[in-house]
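**Student:** What follows is work-v4.pdb, made up of PDB, C-alpha atoms:
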MODEL        1
ATOM      1  CA  MET A 912     147.068 102.879 108.750
ATOM      2  CA  SER A 913     149.977 103.035 106.322
ATOM      3  CA  VAL A 914     149.840 105.263 103.270
ATOM      4  CA  ARG A 915     149.936 102.274 100.948
ATOM      5  CA  ARG A 916     147.185 100.521 102.858
ATOM      6  CA  ARG A 917     145.040 103.658 102.746
ATOM      7  CA  ARG A 918     145.461 103.986  98.996
ATOM      8  CA  ASN A 919     144.512 100.333  98.402
ATOM      9  CA  ALA A 920     141.731  99.796 100.945
ATOM     10  CA  GLY A 921     138.216 101.174 100.754
ATOM     11  CA  ILE A 922     137.400 103.943 103.201
ATOM     12  CA  THR A 923     135.020 101.688 105.182
ATOM     13  CA  GLU A 924     136.900  98.437 104.630
ATOM     14  CA  ASP A 925     138.811  98.321 107.923
ATOM     15  CA  PHE A 926     135.674  98.829 110.015
ATOM     16  CA  TRP A 927     133.579  96.454 107.894
ATOM     17  CA  SER A 928     136.156  93.661 108.052
ATOM     18  CA  GLY A 929     136.180  93.947 111.856
ATOM     19  CA  LEU A 930     132.445  93.262 112.182
ATOM     20  CA  SER A 931     131.083  89.806 112.870
ATOM     21  CA  GLU A 932     128.986  88.090 110.214
ATOM     22  CA  ASP A 933     125.873  88.578 112.356
ATOM     23  CA  LYS A 934     126.388  92.332 112.534
ATOM     24  CA  LYS A 935     127.147  92.481 108.825
ATOM     25  CA  PHE A 936     123.862  90.709 108.085
ATOM     26  CA  GLN A 937     121.912  92.976 110.446
ATOM     27  CA  TRP A 938     123.362  96.118 108.880
ATOM     28  CA  LYS A 939     122.629  94.863 105.358
ATOM     29  CA  VAL A 940     118.988  94.272 106.351
ATOM     30  CA  ILE A 941     118.710  97.762 107.889
ATOM     31  CA  SER A 942     120.285  99.465 104.877
ATOM     32  CA  LYS A 943     118.056  97.555 102.456
ATOM     33  CA  LEU A 944     114.949  98.503 104.450
ATOM     34  CA  VAL A 945     115.949 102.167 104.380
ATOM     35  CA  THR A 946     116.454 101.931 100.618
ATOM     36  CA  LEU A 947     113.100 100.205 100.035
ATOM     37  CA  VAL A 948     111.121 102.627 102.212
ATOM     38  CA  GLY A 949     112.798 105.595 100.577
ATOM     39  CA  ALA A 950     112.143 104.231  97.090
ATOM     40  CA  TRP A 951     108.490 103.663  97.996
ATOM     41  CA  LEU A 952     108.045 107.228  99.240
ATOM     42  CA  ILE A 953     109.628 109.056  96.298
ATOM     43  CA  THR A 954     107.574 110.720  93.588
ATOM     44  CA  LYS A 955     106.828 108.562  90.541
ATOM     45  CA  THR A 956     106.765 109.709  86.946
ATOM     46  CA  GLY A 957     103.851 107.453  86.052
ATOM     47  CA  VAL A 958     105.834 105.833  83.225
ATOM     48  CA  ALA A 959     106.985 102.366  84.219
ATOM     49  CA  TYR A 960     110.152 102.167  82.134
ATOM     50  CA  LEU A 961     111.320 105.619  83.243
ATOM     51  CA  ASP A 962     110.699 104.768  86.897
ATOM     52  CA  GLY A 963     112.586 101.532  86.351
ATOM     53  CA  ALA A 964     115.519 103.268  84.680
ATOM     54  CA  ILE A 965     115.840 105.807  87.504
ATOM     55  CA  ALA A 966     115.540 103.118  90.187
ATOM     56  CA  VAL A 967     118.036 100.797  88.511
ATOM     57  CA  GLY A 968     120.567 103.552  87.880
ATOM     58  CA  THR A 969     120.508 104.966  91.415
ATOM     59  CA  SER A 970     120.423 101.531  93.061
ATOM     60  CA  LEU A 971     123.333 100.313  90.954
ATOM     61  CA  PHE A 972     125.375 103.401  91.760
ATOM     62  CA  SER A 973     124.787 103.206  95.530
ATOM     63  CA  PHE A 974     125.394  99.440  95.573
ATOM     64  CA  MET A 975     128.696  99.646  93.699
ATOM     65  CA  LEU A 976     129.938 102.619  95.717
ATOM     66  CA  ILE A 977     129.136 101.006  99.084
ATOM     67  CA  GLU A 978     130.335  97.492  98.258
ATOM     68  CA  ASN A 979     133.522  98.780  96.646
ATOM     69  CA  GLN A 980     134.460 100.734  99.757
ATOM     70  CA  ARG A 981     133.634  97.753 101.990
ATOM     71  CA  SER A 982     135.731  95.168 100.150
ATOM     72  CA  HIS A 983     138.022  97.032  97.784
ATOM     73  CA  THR A 984     141.173  94.950  98.326
ATOM     74  CA  ARG A 985     139.288  91.674  97.860
ATOM     75  CA  TYR A 986     138.602  92.431  94.191
ATOM     76  CA  SER A 987     141.025  91.964  91.349
ATOM     77  CA  LEU A 988     142.739  95.003  89.847
ATOM     78  CA  LYS A 989     140.619  94.704  86.705
ATOM     79  CA  MET A 990     137.399  94.599  88.721
ATOM     80  CA  ARG A 991     138.476  97.581  90.839
ATOM     81  CA  ARG A 992     139.061  99.674  87.731
ATOM     82  CA  TRP A 993     135.749  98.612  86.222
ATOM     83  CA  ILE A 994     133.816  99.457  89.397
ATOM     84  CA  ALA A 995     135.594 102.814  89.702
ATOM     85  CA  ARG A 996     134.845 103.762  86.090
ATOM     86  CA  ALA A 997     131.229 102.582  86.301
ATOM     87  CA  SER A 998     130.627 104.434  89.590
ATOM     88  CA  ILE A 999     132.116 107.669  88.269
ATOM     89  CA  PHE A1000     130.221 107.353  84.983
ATOM     90  CA  LEU A1001     126.846 106.793  86.677
ATOM     91  CA  GLY A1002     127.409 109.501  89.271
ATOM     92  CA  VAL A1003     128.699 112.164  86.923
ATOM     93  CA  TRP A1004     126.190 111.660  84.126
ATOM     94  CA  GLY A1005     123.335 111.284  86.606
ATOM     95  CA  VAL A1006     124.105 114.697  88.104
ATOM     96  CA  PHE A1007     124.748 116.249  84.683
ATOM     97  CA  LEU A1008     121.469 115.067  83.153
ATOM     98  CA  VAL A1009     119.390 116.177  86.146
ATOM     99  CA  GLY A1010     121.117 119.565  86.237
ATOM    100  CA  LEU A1011     120.700 120.048  82.502
ATOM    101  CA  LEU A1012     117.035 119.023  82.641
ATOM    102  CA  TYR A1013     116.379 121.480  85.459
ATOM    103  CA  PHE A1014     118.096 124.310  83.576
ATOM    104  CA  VAL A1015     116.176 123.591  80.360
ATOM    105  CA  GLU A1016     112.837 123.490  82.197
ATOM    106  CA  VAL A1017     113.564 126.782  83.956
ATOM    107  CA  ALA A1018     114.514 128.299  80.597
ATOM    108  CA  ILE A1019     111.278 127.072  78.978
ATOM    109  CA  PHE A1020     109.128 128.443  81.788
ATOM    110  CA  SER A1021     110.970 131.758  81.637
ATOM    111  CA  LEU A1022     110.491 131.938  77.864
ATOM    112  CA  PHE A1023     106.750 131.313  77.977
ATOM    113  CA  SER A1024     106.348 133.647  80.937
ATOM    114  CA  SER A1025     108.032 136.382  78.907
ATOM    115  CA  LEU A1026     105.852 135.660  75.878
ATOM    116  CA  ALA A1027     102.695 135.686  78.009
ATOM    117  CA  THR A1028     103.479 139.014  79.660
ATOM    118  CA  SER A1029     104.919 140.802  76.609
ATOM    119  CA  ARG A1030     102.772 143.160  74.563
ATOM    120  CA  MET A1031     102.816 142.064  70.959
ATOM    121  CA  PRO A1032     102.276 144.650  68.202
ATOM    122  CA  ASN A1033      98.722 144.919  66.921
ATOM    123  CA  LEU A1034      99.139 143.579  63.408
ATOM    124  CA  GLU A1035      96.263 143.689  60.976
ATOM    125  CA  GLY A1036      95.836 143.272  57.308
ATOM    126  CA  ARG A1037      96.701 140.562  54.838
ATOM    127  CA  TYR A1038     100.118 139.681  56.254
ATOM    128  CA  GLY A1039      99.340 140.353  59.903
ATOM    129  CA  ASP A1040      99.462 136.703  60.956
ATOM    130  CA  VAL A1041     102.702 136.072  59.078
ATOM    131  CA  VAL A1042     104.409 139.087  60.627
ATOM    132  CA  GLY A1043     103.135 138.063  64.050
ATOM    133  CA  LEU A1044     104.622 134.580  63.665
ATOM    134  CA  CYS A1045     107.911 136.133  62.536
ATOM    135  CA  VAL A1046     107.969 138.305  65.667
ATOM    136  CA  ILE A1047     107.352 135.275  67.875
ATOM    137  CA  ALA A1048     110.046 133.317  66.025
ATOM    138  CA  ILE A1049     112.554 136.156  66.535
ATOM    139  CA  VAL A1050     111.721 136.297  70.246
ATOM    140  CA  ILE A1051     112.197 132.526  70.581
ATOM    141  CA  VAL A1052     115.517 132.550  68.716
ATOM    142  CA  ALA A1053     116.788 135.473  70.803
ATOM    143  CA  SER A1054     115.682 133.724  73.984
ATOM    144  CA  CYS A1055     117.444 130.501  72.974
ATOM    145  CA  TYR A1056     120.622 132.463  72.303
ATOM    146  CA  ALA A1057     120.334 134.120  75.708
ATOM    147  CA  VAL A1058     119.826 130.726  77.386
ATOM    148  CA  VAL A1059     122.918 129.265  75.714
ATOM    149  CA  LYS A1060     124.945 132.354  76.641
ATOM    150  CA  VAL A1061     123.848 132.135  80.280
ATOM    151  CA  PHE A1062     124.689 128.419  80.317
ATOM    152  CA  ARG A1063     128.206 129.127  79.059
ATOM    153  CA  ASP A1064     128.799 132.240  81.180
ATOM    154  CA  LEU A1065     127.819 130.437  84.384
ATOM    155  CA  ASP A1066     130.061 127.500  83.416
ATOM    156  CA  LEU A1067     127.273 125.045  84.212
ATOM    157  CA  VAL A1068     129.223 122.285  82.483
ATOM    158  CA  GLY A1069     131.814 122.738  85.197
ATOM    159  CA  VAL A1070     129.131 122.690  87.911
ATOM    160  CA  PHE A1071     127.110 119.751  86.568
ATOM    161  CA  TYR A1072     129.948 117.653  85.155
ATOM    162  CA  HIS A1073     133.502 118.552  86.191
ATOM    163  CA  LEU A1074     132.752 119.262  89.872
ATOM    164  CA  PRO A1075     130.941 115.934  90.548
ATOM    165  CA  LYS A1076     133.667 114.102  88.635
ATOM    166  CA  LYS A1077     136.369 115.742  90.732
ATOM    167  CA  HIS A1078     134.747 114.761  94.032
ATOM    168  CA  LEU A1079     133.947 111.232  92.884
ATOM    169  CA  MET A1080     137.560 110.806  91.813
ATOM    170  CA  ARG A1081     138.649 111.912  95.281
ATOM    171  CA  LEU A1082     136.300 109.372  96.849
ATOM    172  CA  VAL A1083     136.546 106.362  94.538
ATOM    173  CA  VAL A1084     140.132 106.573  93.284
ATOM    174  CA  LYS A1085     142.177 108.732  95.641
ATOM    175  CA  LYS A1086     140.094 107.975  98.779
ATOM    176  CA  ARG A1087     140.781 111.354 100.366
ATOM    177  CA  PHE A1088     138.143 110.992 103.066
ATOM    178  CA  GLU A1089     138.625 110.128 106.722
ATOM    179  CA  LEU A1090     135.989 108.062 108.564
ATOM    180  CA  GLN A1091     136.239 107.310 112.265
ATOM    181  CA  GLY A1092     134.726 104.090 113.625
ATOM    182  CA  GLY A1093     131.082 103.113 113.491
ATOM    183  CA  VAL A1094     129.803 106.676 113.343
ATOM    184  CA  GLY A1095     131.843 107.411 110.239
ATOM    185  CA  PHE A1096     130.814 104.118 108.686
ATOM    186  CA  MET A1097     127.092 104.800 109.241
ATOM    187  CA  TYR A1098     127.508 108.389 108.095
ATOM    188  CA  PHE A1099     129.014 107.268 104.801
ATOM    189  CA  GLU A1100     126.669 104.387 103.983
ATOM    190  CA  LEU A1101     123.443 106.083 105.073
ATOM    191  CA  GLY A1102     124.619 109.242 103.326
ATOM    192  CA  VAL A1103     125.042 107.348 100.044
ATOM    193  CA  ILE A1104     121.629 105.670 100.434
ATOM    194  CA  VAL A1105     119.801 108.896 101.333
ATOM    195  CA  ALA A1106     121.550 110.782  98.517
ATOM    196  CA  ALA A1107     120.473 108.079  96.036
ATOM    197  CA  ILE A1108     116.883 108.250  97.306
ATOM    198  CA  CYS A1109     116.820 112.052  97.110
ATOM    199  CA  TYR A1110     118.296 111.902  93.617
ATOM    200  CA  SER A1111     115.552 109.476  92.555
ATOM    201  CA  GLY A1112     112.904 111.842  93.891
ATOM    202  CA  VAL A1113     114.365 114.916  92.203
ATOM    203  CA  ALA A1114     114.882 113.051  88.922
ATOM    204  CA  SER A1115     111.309 111.732  89.014
ATOM    205  CA  VAL A1116     109.877 115.220  89.570
ATOM    206  CA  LEU A1117     111.947 116.743  86.765
ATOM    207  CA  VAL A1118     111.076 113.933  84.356
ATOM    208  CA  SER A1119     107.375 114.344  85.253
ATOM    209  CA  VAL A1120     107.575 118.060  84.481
ATOM    210  CA  ALA A1121     109.351 117.299  81.196
ATOM    211  CA  LEU A1122     106.571 114.862  80.246
ATOM    212  CA  ASP A1123     103.948 117.519  81.059
ATOM    213  CA  ILE A1124     105.785 120.048  78.867
ATOM    214  CA  ILE A1125     105.864 117.545  76.006
ATOM    215  CA  GLU A1126     102.111 116.972  76.383
ATOM    216  CA  VAL A1127     101.495 120.727  76.266
ATOM    217  CA  PHE A1128     103.520 121.013  73.057
ATOM    218  CA  LYS A1129     101.596 118.099  71.549
ATOM    219  CA  ALA A1130      98.257 119.672  72.461
ATOM    220  CA  ALA A1131      99.345 123.030  71.035
ATOM    221  CA  TRP A1132     100.502 121.355  67.806
ATOM    222  CA  VAL A1133      97.173 119.549  67.415
ATOM    223  CA  LEU A1134      95.296 122.784  68.105
ATOM    224  CA  LEU A1135      97.292 124.707  65.490
ATOM    225  CA  ASP A1136      96.908 121.870  63.007
ATOM    226  CA  ASN A1137      93.111 122.009  63.348
ATOM    227  CA  VAL A1138      92.837 125.767  62.882
ATOM    228  CA  PRO A1139      90.839 126.534  59.705
ATOM    229  CA  ARG A1140      92.937 127.997  56.933
TER     230      ARG A1140
ENDMDL
END
Hey, can you dump this file as structure tokens for me?
**Tutor:**
Amino acid sequence: MSVRRRRNAGITEDFWSGLSEDKKFQWKVISKLVTLVGAWLITKTGVAYLDGAIAVGTSLFSFMLIENQRSHTRYSLKMRRWIARASIFLGVWGVFLVGLLYFVEVAIFSLFSSLATSRMPNLEGRYGDVVGLCVIAIVIVASCYAVVKVFRDLDLVGVFYHLPKKHLMRLVVKKRFELQGGVGFMYFELGVIVAAICYSGVASVLVSVALDIIEVFKAAWVLLDNVPR
């Protein structure tokens, strides 16, 4: 394959164009079945619109990435650029939001674990409750500062955002991947499908945990609001 042809064609386009229409149809059916079964098995958040948003986002990303690599040269230049930008946007922000959500949830659990195991000073008297709340507020503020510092020191923006963007650019724009024959073709397409399914499962679990945390905060707020003054 010439260098120019490699830069213009999708990484699976040569193999896909060599298949008969019957084999193309059979593979599309198999890949759709794998996607449907995987989507059926993943964990659900229990909120219809959130499940729908996750399913639509991951399905759209995998569809655009696969179809673009199958038939890249058949699209207009404008469409190629749009698909590339949309694929990179969905992939990068999908990874970033899931990574950020995971980090925030870990930070929240760590904070409440520290508060639950820490020995608070025994405050009595007229201003005991006020001082106690001030101590808790100071601990929370210090913990939030520590979380932000850890986030910056570990360069998690680079891990969750810049690194996925770099690899997607290599795949979608620069096409710096070599696939050999049918094995490489199946490896790529099934890899994209399985990755999308796994992402949906992880995102659903993290969103479910986030919803549970919100419910706990709501219950705690109602409980504090009903405390006699």
**Student:** Could you tell me how far CA of Ile1104 in chain A sits from CA of Val1070 in chain A, in Å to one decimal place?
**Tutor:**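 Between CA of Val1070 in chain A and CA of Ile1104 in chain A the gap works out to 22.4 Å.
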**Student:** Need the shell around Ala966 in chain A: protein/DNA/RNA residues with any atom at most 9 Å away, counting all atoms listed in the file. Skip same-chain ones fewer than 6 positions apart. Format as a list in words?
**Tutor:** Ala950, Ile1108 and Ser1111 of chain A
**Student:** Return as an MDAnalysis selection string the set of residues that the PyMOL selection byres ((chain A and resi 996-1013) around 7) yields on the displayed structure.
**Tutor:** chainID A and resid 972 975:976 992:995 1014:1017 1071:1072 1075:1076 1079 1114 1117
**Student:** Suppose we keep C-alpha atoms; can you now write the selection as a PDB file, keeping the file's coordinate frame?
**Tutor:**
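See again_29.pdb below for the written result:
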ATOM      1  CA  PHE A 972     125.375 103.401  91.760  1.00  0.00           C
ATOM      2  CA  MET A 975     128.696  99.646  93.699  1.00  0.00           C
ATOM      3  CA  LEU A 976     129.938 102.619  95.717  1.00  0.00           C
ATOM      4  CA  ARG A 992     139.061  99.674  87.731  1.00  0.00           C
ATOM      5  CA  TRP A 993     135.749  98.612  86.222  1.00  0.00           C
ATOM      6  CA  ILE A 994     133.816  99.457  89.397  1.00  0.00           C
ATOM      7  CA  ALA A 995     135.594 102.814  89.702  1.00  0.00           C
ATOM      8  CA  PHE A1014     118.096 124.310  83.576  1.00  0.00           C
ATOM      9  CA  VAL A1015     116.176 123.591  80.360  1.00  0.00           C
ATOM     10  CA  GLU A1016     112.837 123.490  82.197  1.00  0.00           C
ATOM     11  CA  VAL A1017     113.564 126.782  83.956  1.00  0.00           C
ATOM     12  CA  PHE A1071     127.110 119.751  86.568  1.00  0.00           C
ATOM     13  CA  TYR A1072     129.948 117.653  85.155  1.00  0.00           C
ATOM     14  CA  PRO A1075     130.941 115.934  90.548  1.00  0.00           C
ATOM     15  CA  LYS A1076     133.667 114.102  88.635  1.00  0.00           C
ATOM     16  CA  LEU A1079     133.947 111.232  92.884  1.00  0.00           C
ATOM     17  CA  ALA A1114     114.882 113.051  88.922  1.00  0.00           C
ATOM     18  CA  LEU A1117     111.947 116.743  86.765  1.00  0.00           C
TER      19      LEU A1117
END
**Student:** What lies within 12 Å of Ile953 in chain A using only C-alpha atoms, ignoring chain neighbours under 6 positions off, as a PDB file with C-alpha atoms, keeping the file's coordinate frame?
**Tutor:**
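Saved to result22.pdb:
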ATOM      1  CA  THR A 946     116.454 101.931 100.618  1.00  0.00           C
ATOM      2  CA  LEU A 947     113.100 100.205 100.035  1.00  0.00           C
ATOM      3  CA  ASP A 962     110.699 104.768  86.897  1.00  0.00           C
ATOM      4  CA  ILE A 965     115.840 105.807  87.504  1.00  0.00           C
ATOM      5  CA  ALA A 966     115.540 103.118  90.187  1.00  0.00           C
ATOM      6  CA  VAL A1105     119.801 108.896 101.333  1.00  0.00           C
ATOM      7  CA  ALA A1107     120.473 108.079  96.036  1.00  0.00           C
ATOM      8  CA  ILE A1108     116.883 108.250  97.306  1.00  0.00           C
ATOM      9  CA  CYS A1109     116.820 112.052  97.110  1.00  0.00           C
ATOM     10  CA  TYR A1110     118.296 111.902  93.617  1.00  0.00           C
ATOM     11  CA  SER A1111     115.552 109.476  92.555  1.00  0.00           C
ATOM     12  CA  GLY A1112     112.904 111.842  93.891  1.00  0.00           C
ATOM     13  CA  VAL A1113     114.365 114.916  92.203  1.00  0.00           C
ATOM     14  CA  ALA A1114     114.882 113.051  88.922  1.00  0.00           C
ATOM     15  CA  SER A1115     111.309 111.732  89.014  1.00  0.00           C
ATOM     16  CA  VAL A1116     109.877 115.220  89.570  1.00  0.00           C
TER      17      VAL A1116
END
**Student:** Axis-aligned box over every listed atom of range 988-991 of chain A, padded by 3 Å per side: centre and edges in Å to one decimal, as JSON?
**Tutor:**
{"center_x": 140.1, "center_y": 96.1, "center_z": 88.8, "size_x": 11.3, "size_y": 9.0, "size_z": 10.1}
**Student:** Please determine, counting all atoms listed in the file, which residue among A:Ala1121, A:Val1059, A:Ala1130, A:Ala1106 has the shortest atom-to-atom distance to Gly949 in chain A.
**Tutor:** A:Ala1106
**Student:** Kindly provide, as a PDB file with C-alpha atoms, keeping the file's coordinate frame, the polymer residues lying within 12 Å of (140.1, 109.3, 98.2), counting all atoms listed in the file and using the coordinates exactly as they appear in the file.
**Tutor:**
ATOM      1  CA  VAL A 914     149.840 105.263 103.270  1.00  0.00           C
ATOM      2  CA  ARG A 917     145.040 103.658 102.746  1.00  0.00           C
ATOM      3  CA  ARG A 918     145.461 103.986  98.996  1.00  0.00           C
ATOM      4  CA  ASN A 919     144.512 100.333  98.402  1.00  0.00           C
ATOM      5  CA  ALA A 920     141.731  99.796 100.945  1.00  0.00           C
ATOM      6  CA  GLY A 921     138.216 101.174 100.754  1.00  0.00           C
ATOM      7  CA  ILE A 922     137.400 103.943 103.201  1.00  0.00           C
ATOM      8  CA  THR A 923     135.020 101.688 105.182  1.00  0.00           C
ATOM      9  CA  GLN A 980     134.460 100.734  99.757  1.00  0.00           C
ATOM     10  CA  ALA A 995     135.594 102.814  89.702  1.00  0.00           C
ATOM     11  CA  LYS A1077     136.369 115.742  90.732  1.00  0.00           C
ATOM     12  CA  HIS A1078     134.747 114.761  94.032  1.00  0.00           C
ATOM     13  CA  LEU A1079     133.947 111.232  92.884  1.00  0.00           C
ATOM     14  CA  MET A1080     137.560 110.806  91.813  1.00  0.00           C
ATOM     15  CA  ARG A1081     138.649 111.912  95.281  1.00  0.00           C
ATOM     16  CA  LEU A1082     136.300 109.372  96.849  1.00  0.00           C
ATOM     17  CA  VAL A1083     136.546 106.362  94.538  1.00  0.00           C
ATOM     18  CA  VAL A1084     140.132 106.573  93.284  1.00  0.00           C
ATOM     19  CA  LYS A1085     142.177 108.732  95.641  1.00  0.00           C
ATOM     20  CA  LYS A1086     140.094 107.975  98.779  1.00  0.00           C
ATOM     21  CA  ARG A1087     140.781 111.354 100.366  1.00  0.00           C
ATOM     22  CA  PHE A1088     138.143 110.992 103.066  1.00  0.00           C
ATOM     23  CA  GLU A1089     138.625 110.128 106.722  1.00  0.00           C
ATOM     24  CA  LEU A1090     135.989 108.062 108.564  1.00  0.00           C
TER      25      LEU A1090
END
**Student:** Choose the residue, out of A:Lys955, A:Arg991, A:Tyr986, A:Val967, that has the smallest atom-to-atom separation from Ser1119 in chain A; count all atoms listed in the file.
**Tutor:**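 Checking each candidate against Ser1119 in chain A, we get A:Lys955 as the closest.
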**Student:** Please compute the CA of Ala1048 in chain A-CA of Asp1066 in chain A distance, one decimal, in Å.
**Tutor:** 27.1 Å
**Student:** What is the CA of Ser931 in chain A-CA of Val948 in chain A distance in Å, reported with one decimal?
**Tutor:**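 It comes out at 26.0 Å.
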